[in-house]
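> Quick one, query34.tsv (TSV, C-alpha atoms and all ligand atoms):
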```tsv
chain	number	residue	atom	x	y	z
A	1	MET	CA	170.94	222.43	97.20
A	2	PHE	CA	171.69	223.69	100.68
A	3	ILE	CA	174.76	223.69	102.82
A	4	LEU	CA	174.67	223.14	106.56
A	5	LEU	CA	177.78	223.90	108.55
A	6	ILE	CA	178.28	221.96	111.74
A	7	ARG	CA	181.71	222.71	113.15
A	8	ARG	CA	183.22	223.12	109.66
A	9	VAL	CA	181.79	219.88	108.29
A	10	THR	CA	180.10	220.62	105.00
A	11	ILE	CA	176.96	218.61	104.36
A	12	ASN	CA	175.56	218.36	100.85
A	13	GLN	CA	172.07	217.44	99.67
A	14	THR	CA	173.40	214.03	98.60
A	15	ASP	CA	174.26	213.21	102.18
A	16	PHE	CA	170.59	212.82	103.09
A	17	PHE	CA	168.00	210.14	102.58
A	18	GLN	CA	164.82	211.31	100.93
A	19	ASP	CA	162.83	212.02	104.07
A	20	GLU	CA	165.70	212.73	106.39
A	21	LYS	CA	165.40	215.87	108.54
A	22	PRO	CA	168.62	217.56	109.54
A	23	GLU	CA	166.64	219.52	112.18
A	24	GLU	CA	166.43	216.25	114.07
A	25	TYR	CA	170.17	216.00	114.45
A	26	GLU	CA	170.00	217.83	117.74
A	27	LYS	CA	167.73	215.14	119.12
A	28	VAL	CA	169.97	212.23	118.25
A	29	LEU	CA	173.13	214.12	119.23
A	30	HIS	CA	171.53	214.87	122.57
A	31	GLU	CA	170.81	211.17	122.99
A	32	LEU	CA	174.41	210.39	122.06
A	33	ASP	CA	175.72	212.78	124.73
A	34	ARG	CA	173.35	211.30	127.28
A	35	ARG	CA	174.39	207.74	126.43
A	36	LEU	CA	178.09	208.60	126.73
A	37	SER	CA	177.87	210.94	129.69
A	38	GLY	CA	179.08	208.23	132.09
A	39	ASP	CA	182.26	207.50	130.10
A	40	TRP	CA	185.60	208.74	131.31
A	41	SER	CA	187.12	211.70	129.48
A	42	PHE	CA	190.62	213.14	129.48
A	43	ALA	CA	189.05	216.53	130.16
A	44	SER	CA	188.31	215.44	133.74
A	45	GLY	CA	192.06	215.21	134.33
A	46	LYS	CA	191.45	212.05	136.38
A	47	VAL	CA	192.50	209.50	133.78
A	48	LEU	CA	196.00	208.91	135.14
A	49	GLY	CA	196.78	205.55	133.58
A	50	SER	CA	196.38	206.18	129.87
A	51	MET	CA	199.14	206.65	127.31
A	52	CYS	CA	196.71	208.59	125.12
A	53	THR	CA	195.56	212.15	125.66
A	54	ARG	CA	193.40	214.92	124.26
A	55	PRO	CA	194.46	215.66	120.70
A	56	HIS	CA	195.78	219.17	120.16
A	57	PRO	CA	193.00	221.59	119.03
A	58	VAL	CA	194.74	222.19	115.71
A	59	ALA	CA	194.78	218.44	115.10
A	60	VAL	CA	191.05	218.31	115.81
A	61	GLN	CA	190.37	221.01	113.22
A	62	ALA	CA	192.52	219.34	110.58
A	63	PHE	CA	190.89	215.97	111.30
A	64	GLU	CA	187.39	217.37	110.84
A	65	ARG	CA	188.29	219.03	107.55
A	66	TYR	CA	189.61	215.85	105.95
A	67	ILE	CA	187.42	213.31	107.70
A	68	GLU	CA	186.23	211.73	104.45
A	69	SER	CA	189.62	211.00	102.95
A	70	ASN	CA	191.03	207.51	102.53
A	71	ILE	CA	194.80	207.50	102.12
A	72	GLY	CA	194.58	203.78	101.35
A	73	ASP	CA	193.42	204.85	97.87
A	74	ALA	CA	196.68	206.70	97.28
A	75	GLY	CA	195.98	207.84	93.70
A	76	LEU	CA	193.04	209.95	94.88
A	77	VAL	CA	195.05	211.85	97.45
A	78	PRO	CA	198.52	212.73	96.15
A	79	GLY	CA	198.59	215.72	98.50
A	80	LEU	CA	198.05	213.55	101.55
A	81	ILE	CA	200.70	211.10	100.37
A	82	GLU	CA	203.14	214.02	100.27
A	83	LEU	CA	202.16	215.02	103.81
A	84	GLU	CA	202.62	211.44	105.00
A	85	THR	CA	206.14	211.42	103.55
A	86	GLU	CA	206.84	214.72	105.32
A	87	ILE	CA	205.54	213.34	108.63
A	88	CYS	CA	207.96	210.42	108.28
A	89	SER	CA	210.96	212.56	107.41
A	90	MET	CA	210.13	215.03	110.22
A	91	MET	CA	210.00	212.24	112.78
A	92	GLY	CA	212.96	210.44	111.16
A	93	GLY	CA	214.88	213.73	111.38
A	94	TRP	CA	214.14	214.03	115.10
A	95	TRP	CA	215.40	210.47	115.43
A	96	GLY	CA	218.54	211.29	113.41
A	97	ASN	CA	217.56	209.76	110.05
A	98	PRO	CA	215.34	211.89	107.78
A	99	LYS	CA	215.79	209.34	104.96
A	100	VAL	CA	213.44	206.79	106.51
A	101	SER	CA	210.43	205.39	104.65
A	102	GLY	CA	207.22	205.13	106.61
A	103	ARG	CA	203.46	204.93	106.87
A	104	LEU	CA	200.95	206.54	109.18
A	105	ILE	CA	198.89	203.67	110.51
A	106	THR	CA	196.52	202.93	113.38
A	107	GLY	CA	198.93	202.74	116.30
A	108	GLY	CA	201.61	200.74	118.05
A	109	THR	CA	199.86	197.40	117.64
A	110	GLU	CA	199.68	197.66	113.86
A	111	ALA	CA	203.25	198.98	113.74
A	112	ASN	CA	204.57	196.03	115.73
A	113	ILE	CA	202.65	193.54	113.56
A	114	LEU	CA	203.88	195.22	110.39
A	115	ALA	CA	207.50	195.30	111.60
A	116	LEU	CA	207.53	191.57	112.37
A	117	TRP	CA	205.68	190.82	109.14
A	118	THR	CA	208.45	192.68	107.30
A	119	ALA	CA	211.12	190.70	109.15
A	120	LYS	CA	209.36	187.41	108.41
A	121	THR	CA	208.91	188.22	104.73
A	122	LEU	CA	212.62	188.92	104.30
A	123	ALA	CA	214.03	186.11	106.42
A	124	ALA	CA	215.11	182.64	105.40
A	125	PRO	CA	212.46	179.96	105.96
A	126	GLY	CA	212.68	178.31	109.37
A	127	ARG	CA	213.53	181.48	111.24
A	128	ARG	CA	210.63	182.17	113.57
A	129	GLU	CA	212.02	183.23	116.95
A	130	VAL	CA	211.81	186.82	118.11
A	131	ILE	CA	213.99	187.89	121.03
A	132	LEU	CA	212.52	190.73	123.06
A	133	PRO	CA	212.39	192.12	126.62
A	134	GLN	CA	209.87	190.84	129.14
A	135	SER	CA	208.61	194.43	129.27
A	136	ALA	CA	207.39	194.27	125.65
A	137	HIS	CA	203.80	195.33	124.97
A	138	PHE	CA	201.24	192.54	124.52
A	139	SER	CA	200.69	193.62	120.91
A	140	LEU	CA	203.87	191.69	120.15
A	141	GLU	CA	202.11	188.56	121.42
A	142	LYS	CA	199.33	189.28	118.94
A	143	ALA	CA	201.90	189.77	116.19
A	144	ALA	CA	203.53	186.44	117.07
A	145	SER	CA	200.18	184.67	117.06
A	146	ILE	CA	199.11	186.13	113.72
A	147	LEU	CA	202.48	185.48	112.08
A	148	ASN	CA	203.11	182.08	113.72
A	149	LEU	CA	206.27	183.25	115.48
A	150	GLU	CA	207.72	182.33	118.84
A	151	LEU	CA	208.67	184.97	121.40
A	152	ILE	CA	211.81	184.49	123.49
A	153	LYS	CA	211.49	186.92	126.40
A	154	VAL	CA	214.59	188.13	128.20
A	155	PRO	CA	214.46	189.37	131.81
A	156	ILE	CA	214.64	193.02	132.74
A	157	ASP	CA	216.73	194.72	135.42
A	158	ALA	CA	215.59	196.90	138.34
A	159	LEU	CA	215.37	199.87	135.98
A	160	GLY	CA	213.11	197.97	133.59
A	161	ARG	CA	215.74	197.43	130.86
A	162	ALA	CA	216.33	194.13	129.09
A	163	ASP	CA	219.32	192.01	129.97
A	164	LEU	CA	221.39	192.03	126.82
A	165	ASP	CA	223.63	189.09	127.75
A	166	THR	CA	220.57	186.86	127.90
A	167	ALA	CA	219.40	188.25	124.57
A	168	ARG	CA	222.80	187.57	122.99
A	169	ALA	CA	222.87	184.04	124.35
A	170	ALA	CA	219.40	183.37	122.95
A	171	VAL	CA	220.40	184.12	119.33
A	172	GLY	CA	220.48	180.97	117.26
A	173	PRO	CA	219.77	179.57	113.78
A	174	LYS	CA	216.02	180.07	114.23
A	175	THR	CA	216.23	183.73	115.28
A	176	LEU	CA	214.15	185.96	113.05
A	177	ALA	CA	214.33	189.36	114.75
A	178	LEU	CA	215.16	191.38	117.82
A	179	VAL	CA	212.80	193.89	119.42
A	180	ALA	CA	213.95	196.59	121.86
A	181	ILE	CA	211.72	199.01	123.74
A	182	ALA	CA	212.10	202.78	123.91
A	183	GLY	CA	209.56	203.65	126.57
A	184	SER	CA	208.10	200.52	128.14
A	185	THR	CA	204.38	200.43	128.83
A	186	SER	CA	204.84	199.73	132.55
A	187	LEU	CA	207.65	202.11	133.53
A	188	GLY	CA	208.74	204.11	130.49
A	189	ALA	CA	212.08	202.26	130.53
A	190	VAL	CA	214.39	202.61	127.54
A	191	ASP	CA	216.54	199.65	126.54
A	192	ASP	CA	220.22	200.05	125.68
A	193	LEU	CA	219.46	200.76	122.02
A	194	PRO	CA	223.07	201.14	120.77
A	195	ALA	CA	223.90	197.71	122.23
A	196	TRP	CA	220.81	196.14	120.61
A	197	ALA	CA	221.81	197.75	117.29
A	198	GLN	CA	225.29	196.29	117.61
A	199	LEU	CA	223.85	192.84	118.37
A	200	ALA	CA	221.62	193.11	115.28
A	201	LEU	CA	224.61	194.06	113.14
A	202	ASP	CA	226.84	191.32	114.57
A	203	GLU	CA	224.19	188.68	113.93
A	204	GLY	CA	222.72	190.13	110.71
A	205	LEU	CA	219.25	190.32	112.27
A	206	TYR	CA	216.24	192.57	111.82
A	207	LEU	CA	215.95	194.98	114.79
A	208	HIS	CA	212.63	196.65	115.51
A	209	ILE	CA	212.47	199.41	118.13
A	210	ASP	CA	209.09	199.83	119.80
A	211	ALA	CA	209.12	203.55	120.61
A	212	SER	CA	205.34	203.78	120.43
A	213	PHE	CA	205.36	205.71	123.70
A	214	GLY	CA	208.90	207.15	123.90
A	215	GLY	CA	209.15	208.21	120.27
A	216	PHE	CA	207.72	211.68	120.83
A	217	VAL	CA	209.61	212.24	124.12
A	218	LEU	CA	213.19	211.08	123.59
A	219	PRO	CA	214.10	213.53	120.77
A	220	PHE	CA	213.24	216.49	123.02
A	221	LEU	CA	214.62	215.45	126.42
A	222	GLU	CA	218.08	216.92	125.95
A	223	ASN	CA	216.57	220.23	124.78
A	224	THR	CA	214.94	220.47	128.22
A	225	GLY	CA	218.35	220.22	129.91
A	226	ARG	CA	217.83	216.60	131.01
A	227	SER	CA	220.05	213.69	130.14
A	228	SER	CA	218.57	211.31	127.60
A	229	PRO	CA	219.13	207.63	126.88
A	230	ASP	CA	220.95	207.23	123.56
A	231	PHE	CA	218.18	206.61	121.06
A	232	LEU	CA	219.44	208.17	117.82
A	233	TRP	CA	218.98	206.13	114.67
A	234	ARG	CA	222.06	204.05	113.92
A	235	GLU	CA	223.10	201.29	111.57
A	236	GLY	CA	221.38	198.15	112.79
A	237	TYR	CA	217.93	199.69	113.24
A	238	SER	CA	215.51	198.18	110.71
A	239	SER	CA	212.31	199.85	111.90
A	240	VAL	CA	210.97	202.13	114.62
A	241	ALA	CA	207.35	202.48	115.82
A	242	VAL	CA	206.28	205.90	117.15
A	243	ASP	CA	202.69	206.77	118.05
A	244	PRO	CA	201.39	210.29	117.38
A	245	HIS	CA	198.23	209.33	119.33
A	246	LYS	CA	200.30	208.97	122.47
A	247	MET	CA	202.74	211.82	123.18
A	248	GLY	CA	202.41	213.42	119.73
A	249	ARG	CA	199.01	214.97	120.55
A	250	GLY	CA	197.58	213.46	117.39
A	251	PRO	CA	194.09	211.99	117.04
A	252	ILE	CA	193.19	208.36	117.65
A	253	PRO	CA	194.03	206.45	115.49
A	254	SER	CA	197.54	207.48	114.57
A	255	GLY	CA	200.68	205.39	114.68
A	256	LEU	CA	203.83	205.56	112.66
A	257	LEU	CA	206.12	202.84	111.39
A	258	LEU	CA	209.44	204.06	110.06
A	259	TRP	CA	211.64	201.64	108.13
A	260	ALA	CA	215.36	202.24	107.53
A	261	ASP	CA	214.87	202.20	103.75
A	262	GLU	CA	212.35	201.78	100.97
A	263	GLY	CA	213.41	198.16	100.36
A	264	LEU	CA	212.28	197.23	103.87
A	265	ALA	CA	209.15	199.35	103.51
A	266	GLN	CA	208.11	197.52	100.34
A	267	ALA	CA	208.84	194.00	101.60
A	268	THR	CA	205.20	193.25	102.41
A	269	SER	CA	203.61	195.47	99.76
A	270	ARG	CA	201.10	194.29	97.19
A	271	SER	CA	200.18	195.94	93.92
A	272	ILE	CA	196.44	196.65	93.91
A	273	SER	CA	194.69	197.45	90.65
A	274	TYR	CA	191.03	198.01	91.52
A	275	LEU	CA	191.23	201.29	93.42
A	276	SER	CA	189.50	204.45	92.16
A	277	GLY	CA	192.77	206.33	92.18
A	278	GLY	CA	194.41	203.70	89.97
A	279	ARG	CA	196.96	200.99	90.67
A	280	THR	CA	198.87	201.47	93.89
A	281	ARG	CA	201.22	199.52	96.15
A	282	LEU	CA	199.83	198.90	99.64
A	283	ASN	CA	202.17	197.98	102.46
A	284	THR	CA	199.97	198.38	105.53
A	285	VAL	CA	197.93	195.82	107.45
A	286	VAL	CA	194.68	197.68	106.86
A	287	GLY	CA	193.47	198.80	103.43
A	288	THR	CA	191.27	201.83	103.98
A	289	ARG	CA	193.27	204.26	106.14
A	290	SER	CA	192.28	207.51	107.75
A	291	GLY	CA	193.47	210.45	105.67
A	292	ALA	CA	192.12	212.67	108.45
A	293	SER	CA	194.71	211.21	110.80
A	294	VAL	CA	197.45	212.03	108.31
A	295	ALA	CA	196.16	215.61	107.92
A	296	ALA	CA	195.88	216.03	111.69
A	297	VAL	CA	199.28	214.57	112.54
A	298	TRP	CA	201.03	216.63	109.87
A	299	THR	CA	199.29	219.77	111.14
A	300	VAL	CA	200.10	219.26	114.81
A	301	MET	CA	203.71	218.29	114.06
A	302	ARG	CA	204.19	221.35	111.83
A	303	HIS	CA	202.47	223.59	114.36
A	304	LEU	CA	204.26	222.42	117.52
A	305	GLY	CA	207.58	221.61	115.87
A	306	GLU	CA	210.71	220.97	117.93
A	307	ARG	CA	210.02	223.99	120.13
A	308	GLY	CA	206.45	223.03	121.00
A	309	TYR	CA	207.28	219.39	121.72
A	310	THR	CA	210.24	220.45	123.84
A	311	GLN	CA	207.94	222.63	125.95
A	312	LEU	CA	205.42	219.82	126.23
A	313	VAL	CA	208.07	217.29	127.24
A	314	ASP	CA	209.54	219.74	129.74
A	315	ARG	CA	206.16	220.22	131.39
A	316	VAL	CA	205.24	216.54	131.68
A	317	MET	CA	208.75	215.59	132.84
A	318	THR	CA	208.77	218.37	135.45
A	319	ASP	CA	205.47	217.07	136.81
A	320	ALA	CA	206.62	213.43	136.68
A	321	GLU	CA	209.73	214.39	138.69
A	322	TRP	CA	207.63	216.42	141.12
A	323	LEU	CA	205.24	213.47	141.58
A	324	THR	CA	208.16	211.08	142.17
A	325	SER	CA	209.57	213.34	144.92
A	326	ALA	CA	206.14	213.82	146.48
A	327	LEU	CA	205.65	210.01	146.62
A	328	GLN	CA	208.95	209.67	148.46
A	329	GLU	CA	207.42	211.72	151.29
A	330	ILE	CA	204.31	209.52	151.64
A	331	PRO	CA	204.64	206.67	154.15
A	332	GLY	CA	203.46	203.31	152.81
A	333	VAL	CA	204.41	203.79	149.15
A	334	GLU	CA	207.52	204.29	147.07
A	335	PRO	CA	208.09	205.28	143.43
A	336	VAL	CA	209.24	202.22	141.48
A	337	LEU	CA	211.96	204.27	139.74
A	338	ALA	CA	213.74	206.85	141.89
A	339	ASN	CA	214.28	208.96	138.76
A	340	PRO	CA	211.71	208.66	135.98
A	341	VAL	CA	213.32	208.28	132.55
A	342	LEU	CA	210.15	209.34	130.73
A	343	ASN	CA	206.85	210.73	132.04
A	344	VAL	CA	205.75	207.43	133.58
A	345	VAL	CA	205.67	206.99	137.36
A	346	GLY	CA	205.18	203.58	139.00
A	347	VAL	CA	203.83	203.62	142.57
A	348	ARG	CA	204.52	200.60	144.77
A	349	PRO	CA	202.53	200.18	148.00
A	350	LEU	CA	204.81	198.76	150.70
A	351	ARG	CA	202.37	197.10	153.07
A	352	ARG	CA	199.18	196.53	151.06
A	353	ARG	CA	198.40	194.95	147.70
A	354	ALA	CA	198.71	197.32	144.76
A	355	ALA	CA	195.47	196.03	143.20
A	356	GLU	CA	193.56	196.79	146.40
A	357	ILE	CA	194.93	200.35	146.61
A	358	SER	CA	194.28	201.13	142.97
A	359	GLN	CA	190.75	199.71	143.28
A	360	SER	CA	190.03	202.01	146.25
A	361	LEU	CA	191.39	204.93	144.26
A	362	ARG	CA	189.19	203.98	141.31
A	363	GLN	CA	186.19	204.20	143.60
A	364	LYS	CA	187.31	207.74	144.36
A	365	GLY	CA	187.22	208.53	140.65
A	366	TRP	CA	190.83	207.88	139.58
A	367	ALA	CA	191.55	205.73	136.52
A	368	LEU	CA	194.93	204.10	137.13
A	369	SER	CA	196.87	201.40	135.36
A	370	GLN	CA	197.47	198.28	137.42
A	371	TRP	CA	200.62	196.10	137.20
A	372	ASN	CA	201.79	193.22	139.40
A	373	ASP	CA	203.03	194.91	142.54
A	374	PHE	CA	202.54	198.54	141.52
A	375	PHE	CA	200.16	200.85	139.75
A	376	ARG	CA	201.35	203.54	137.44
A	377	ILE	CA	200.58	207.06	136.41
A	378	VAL	CA	201.40	208.42	132.99
A	379	VAL	CA	201.84	212.16	133.27
A	380	MET	CA	200.21	212.96	129.95
A	381	PRO	CA	199.49	216.49	128.73
A	382	HIS	CA	195.95	216.34	130.17
A	383	VAL	CA	197.31	215.61	133.68
A	384	GLU	CA	197.75	218.77	135.72
A	385	ARG	CA	199.77	219.25	138.86
A	386	ARG	CA	196.82	220.66	140.80
A	387	VAL	CA	194.90	217.46	140.01
A	388	LEU	CA	197.90	215.35	141.02
A	389	LYS	CA	197.87	217.11	144.41
A	390	VAL	CA	194.24	216.06	144.93
A	391	PHE	CA	195.21	212.53	143.86
A	392	LEU	CA	198.02	212.41	146.42
A	393	SER	CA	195.70	213.46	149.21
A	394	ASP	CA	193.23	210.71	148.16
A	395	LEU	CA	196.12	208.24	148.08
A	396	GLN	CA	197.09	209.16	151.63
A	397	GLU	CA	193.50	208.74	152.75
A	398	VAL	CA	193.28	205.29	151.14
A	399	LEU	CA	196.58	204.25	152.73
A	400	SER	CA	195.64	205.44	156.22
A	501	LIG	C1	205.33	200.32	124.11
A	501	LIG	C2	203.98	200.12	123.47
A	501	LIG	N1	203.90	199.53	122.27
A	501	LIG	C3	202.73	199.33	121.64
A	501	LIG	C4	201.55	199.75	122.22
A	501	LIG	C5	200.24	199.51	121.50
A	501	LIG	O1	199.78	200.71	121.00
A	501	LIG	P1	198.27	200.87	120.47
A	501	LIG	O2	197.40	200.71	121.68
A	501	LIG	O3	198.29	202.25	119.91
A	501	LIG	O4	198.03	199.84	119.45
A	501	LIG	C6	201.58	200.39	123.47
A	501	LIG	C7	200.34	200.84	124.10
A	501	LIG	O5	200.32	201.40	125.17
A	501	LIG	C8	202.83	200.59	124.11
A	501	LIG	O6	202.92	201.17	125.31
```
Produce structure tokens that represent the structure in this file.

Amino acid sequence: MFILLIRRVTINQTDFFQDEKPEEYEKVLHELDRRLSGDWSFASGKVLGSMCTRPHPVAVQAFERYIESNIGDAGLVPGLIELETEICSMMGGWWGNPKVSGRLITGGTEANILALWTAKTLAAPGRREVILPQSAHFSLEKAASILNLELIKVPIDALGRADLDTARAAVGPKTLALVAIAGSTSLGAVDDLPAWAQLALDEGLYLHIDASFGGFVLPFLENTGRSSPDFLWREGYSSVAVDPHKMGRGPIPSGLLLWADEGLAQATSRSISYLSGGRTRLNTVVGTRSGASVAAVWTVMRHLGERGYTQLVDRVMTDAEWLTSALQEIPGVEPVLANPVLNVVGVRPLRRRAAEISQSLRQKGWALSQWNDFFRIVVMPHVERRVLKVFLSDLQEVLS
């Protein structure tokens, strides 16, 4: 038997077919690199529209070490199950409720589906309307389609927050759940979460908070000396989605759904008998789940901790604020929000179509995110100020 070490991955004799030649790996890996050499990478610094980023190096190491593990077969990996519980209580603690129950899943889409599935499972028959802001991510449309629900969208104000009076007026006998957003995809807007929680309590409704993007920013904003929207967990919250693969510097895929209690967490669970680790209860949409993601997210959260995330949030917010001020000096565009709430900056061209400007910028090598009358930049950890300066000079050229 021989052992080959490629970046800490141990390969055993049993990994090979009979006539397989590990010496040939280089050849196929070279081909892989060649085939993917035209793809965008975060390392270029020019992907300005993504809510994902390079995972932290410690997360990469942890991921590689546990790449084979399947936390869906819980009985085989009691250690990973413990780490998953710790991830949830760490994040719950930062949100003001370490007693949450949760699962590390594939991302915000799965979390939103799972949250509405939970609400549907617990609700009286006939309730199928979900009230949510117009700014909600399209994954909630998928959830509604899968679960046969109807979405009632309420308008948003100039700051991108949902109009609560309209939401209140929309509640009726068919209402199943409310969804509020903590960090909207378009502008990073944060809804008035305490008011949504109160509405949920008044009406006895399930409230899901989609903090897929804002979940790793909001708990650290005040530490940086900035004011923060009130997000802390309060009575009325049923579940919160937070994505480590966005601002948590975790690997793709990693999302987190936190439920207020174990009863909610188990609402959709099934008891499965056939698994190698023995009978287990599964309450996620997917069966086989990446244990490597759990290992990596636990490692990066333990390593960065409150101090590391505060420094990260401070840096991206400082650059988002700097970018917003710099845009105010450029004729022909304006920032959509005069003061960014999170590290998301919308740029609205004043005399030309946003799609046309962002297309010209794409031709200059910038990957932006296009919305109706603006494009937006997410100042993620891989986005550096020196690169933003180059971007601004390209923007001025395109506008001139
Ligand atoms: C607010 C919000 N929710 C959910 C999602 C979906 O997340 P994912 O792409 O990880 O499934 C996104 C993606 O950007 C998002 O911004």
> Could you pull out the residues sitting within 6 Å of ligand LIG 501 (chain A), using all atoms listed in the file, and write them as a PyMOL selection string?
chain A and resi 51+107-109+137+139+183-185+210+212-213
> I'd like to know which of A:Glu110, A:Glu84, A:Glu31, A:Glu334 is closest to Ser293 in chain A, using all atoms listed in the file.
A:Glu84
> Record the distance separating CA of Leu399 in chain A and CA of Val347 in chain A, expressed in Å with one decimal.
12.5 Å
> From the list A:Arg226, A:Arg128, A:His208, A:Arg249, which residue is nearest Met317 in chain A when using all atoms listed in the file?
A:Arg226
> Quick one: residues within 12 Å of Gln266 in chain A, all atoms listed in the file, excluding same-chain residues fewer than 6 positions away - as a ChimeraX atom specification?
/A:101-103,114-115,117-119,121-122,258-260,280-284
> In Å, how far is it from CA of Ala241 in chain A to CA of Ala111 in chain A?
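Spanning CA of Ala241 in chain A to CA of Ala111 in chain A is a straight-line distance of 5.8 Å.
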> Grab the CA of Arg35 in chain A to CA of Lys364 in chain A distance for me, in Å with one decimal place.
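CA of Lys364 in chain A lies at a distance of 22.1 Å from CA of Arg35 in chain A.
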> Give me, as a compact mmCIF listing (two decimals) with C-alpha atoms, in the frame of the given file, all polymer residues having an atom no more than 10 Å from Asn97 in chain A, counting all atoms listed in the file and skipping those fewer than 6 positions away in the same chain.

```txt
# COMPACT_ATOMS: atom_id res chain seq x y z
CA CYS A 88 207.96 210.42 108.28
CA SER A 89 210.96 212.56 107.41
CA MET A 90 210.13 215.03 110.22
CA MET A 91 210.00 212.24 112.78
CA LEU A 232 219.44 208.17 117.82
CA TRP A 233 218.98 206.13 114.67
CA ARG A 234 222.06 204.05 113.92
CA LEU A 258 209.44 204.06 110.06
CA ALA A 260 215.36 202.24 107.53
```
> Pick from A:Pro219, A:Ala162, A:Pro349, A:Ile113: nearest to Glu141 in chain A, with all atoms listed in the file counted?
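Selected residue with least distance to Glu141 in chain A: A:Ile113.
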> Under the rule that all atoms listed in the file are counted, which of A:Leu256, A:Val344, A:Val171, A:Ala144 is the nearest residue to Ala189 in chain A?
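Closest candidate: A:Val344.
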> Dig up all the protein and nucleic acid residues within 7 Å of (191.5, 208.9, 135.3) in the file frame, using only C-alpha atoms, and format them as a VMD selection string.
chain A and resid 45 to 49 365 to 368
> Have a look at A:Arg315, A:Lys389, A:Arg362, A:Arg54 and name the one nearest to Leu342 in chain A; count only C-alpha atoms.
A:Arg315
> Considering all atoms listed in the file, return as a CSV table (one decimal) with C-alpha atoms, in the coordinates of the input whatever protein or nucleic-acid residues lie within 12 Å of Ala195 in chain A, sequence-local ones (same chain, fewer than 6 positions apart) excluded.

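As a result, result.csv now contains:
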```
chain,number,residue,atom,x,y,z
A,161,ARG,CA,215.7,197.4,130.9
A,162,ALA,CA,216.3,194.1,129.1
A,163,ASP,CA,219.3,192.0,130.0
A,164,LEU,CA,221.4,192.0,126.8
A,165,ASP,CA,223.6,189.1,127.8
A,167,ALA,CA,219.4,188.2,124.6
A,168,ARG,CA,222.8,187.6,123.0
A,178,LEU,CA,215.2,191.4,117.8
A,180,ALA,CA,214.0,196.6,121.9
A,201,LEU,CA,224.6,194.1,113.1
A,202,ASP,CA,226.8,191.3,114.6
A,207,LEU,CA,216.0,195.0,114.8
A,229,PRO,CA,219.1,207.6,126.9
A,230,ASP,CA,221.0,207.2,123.6
A,231,PHE,CA,218.2,206.6,121.1
A,234,ARG,CA,222.1,204.0,113.9
A,235,GLU,CA,223.1,201.3,111.6
A,236,GLY,CA,221.4,198.2,112.8
A,237,TYR,CA,217.9,199.7,113.2
```
> From the list A:Gln198, A:Gln363, A:Ser369, A:Asn343, which residue is nearest Gly214 in chain A when using all atoms listed in the file?
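Closest candidate: A:Asn343.
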> Using all atoms listed in the file and a cutoff of 8 Å, can you tell me which residues are near (196.9, 208.7, 119.2) in the file's coordinates, and write them out as a list of chain:residue names?
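Protein and nucleic acid residues near the point are A:Cys52, A:Thr53, A:Pro55, A:Gly107, A:Asp243, A:Pro244, A:His245, A:Lys246, A:Met247, A:Gly248, A:Arg249, A:Gly250, A:Pro251, A:Ile252, A:Pro253, A:Ser254, A:Gly255.
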> Counting all atoms listed in the file, what is within 9 Å of Val294 in chain A, bar same-chain residues fewer than 3 positions away, as an MDAnalysis selection string?
chainID A and resid 63 71 80:81 83:84 87 104:105 254 290:291 297:299
> Keeping N, CA and C atoms (and nothing else), can you write range 137-146 of chain A of this structure as a tab-separated table (two decimals), in the first residue's frame?

```
chain	number	residue	atom	x	y	z
A	137	HIS	N	-35.55	37.75	-1.93
A	137	HIS	CA	-34.76	36.99	-2.91
A	137	HIS	C	-35.65	36.01	-3.67
A	138	PHE	N	-35.28	35.74	-4.94
A	138	PHE	CA	-36.15	34.90	-5.77
A	138	PHE	C	-36.22	33.45	-5.28
A	139	SER	N	-35.35	33.08	-4.35
A	139	SER	CA	-35.45	31.72	-3.80
A	139	SER	C	-36.79	31.52	-3.09
A	140	LEU	N	-37.38	32.64	-2.62
A	140	LEU	CA	-38.68	32.49	-1.96
A	140	LEU	C	-39.77	32.18	-2.99
A	141	GLU	N	-39.55	32.61	-4.23
A	141	GLU	CA	-40.49	32.22	-5.31
A	141	GLU	C	-40.38	30.71	-5.56
A	142	LYS	N	-39.12	30.22	-5.52
A	142	LYS	CA	-38.95	28.77	-5.70
A	142	LYS	C	-39.66	28.03	-4.58
A	143	ALA	N	-39.45	28.53	-3.35
A	143	ALA	CA	-40.05	27.87	-2.18
A	143	ALA	C	-41.57	27.82	-2.36
A	144	ALA	N	-42.14	28.96	-2.80
A	144	ALA	CA	-43.60	29.02	-2.95
A	144	ALA	C	-44.06	28.02	-4.02
A	145	SER	N	-43.27	27.93	-5.10
A	145	SER	CA	-43.66	27.02	-6.17
A	145	SER	C	-43.60	25.56	-5.70
A	146	ILE	N	-42.52	25.24	-5.01
A	146	ILE	CA	-42.36	23.85	-4.53
A	146	ILE	C	-43.46	23.48	-3.53
```
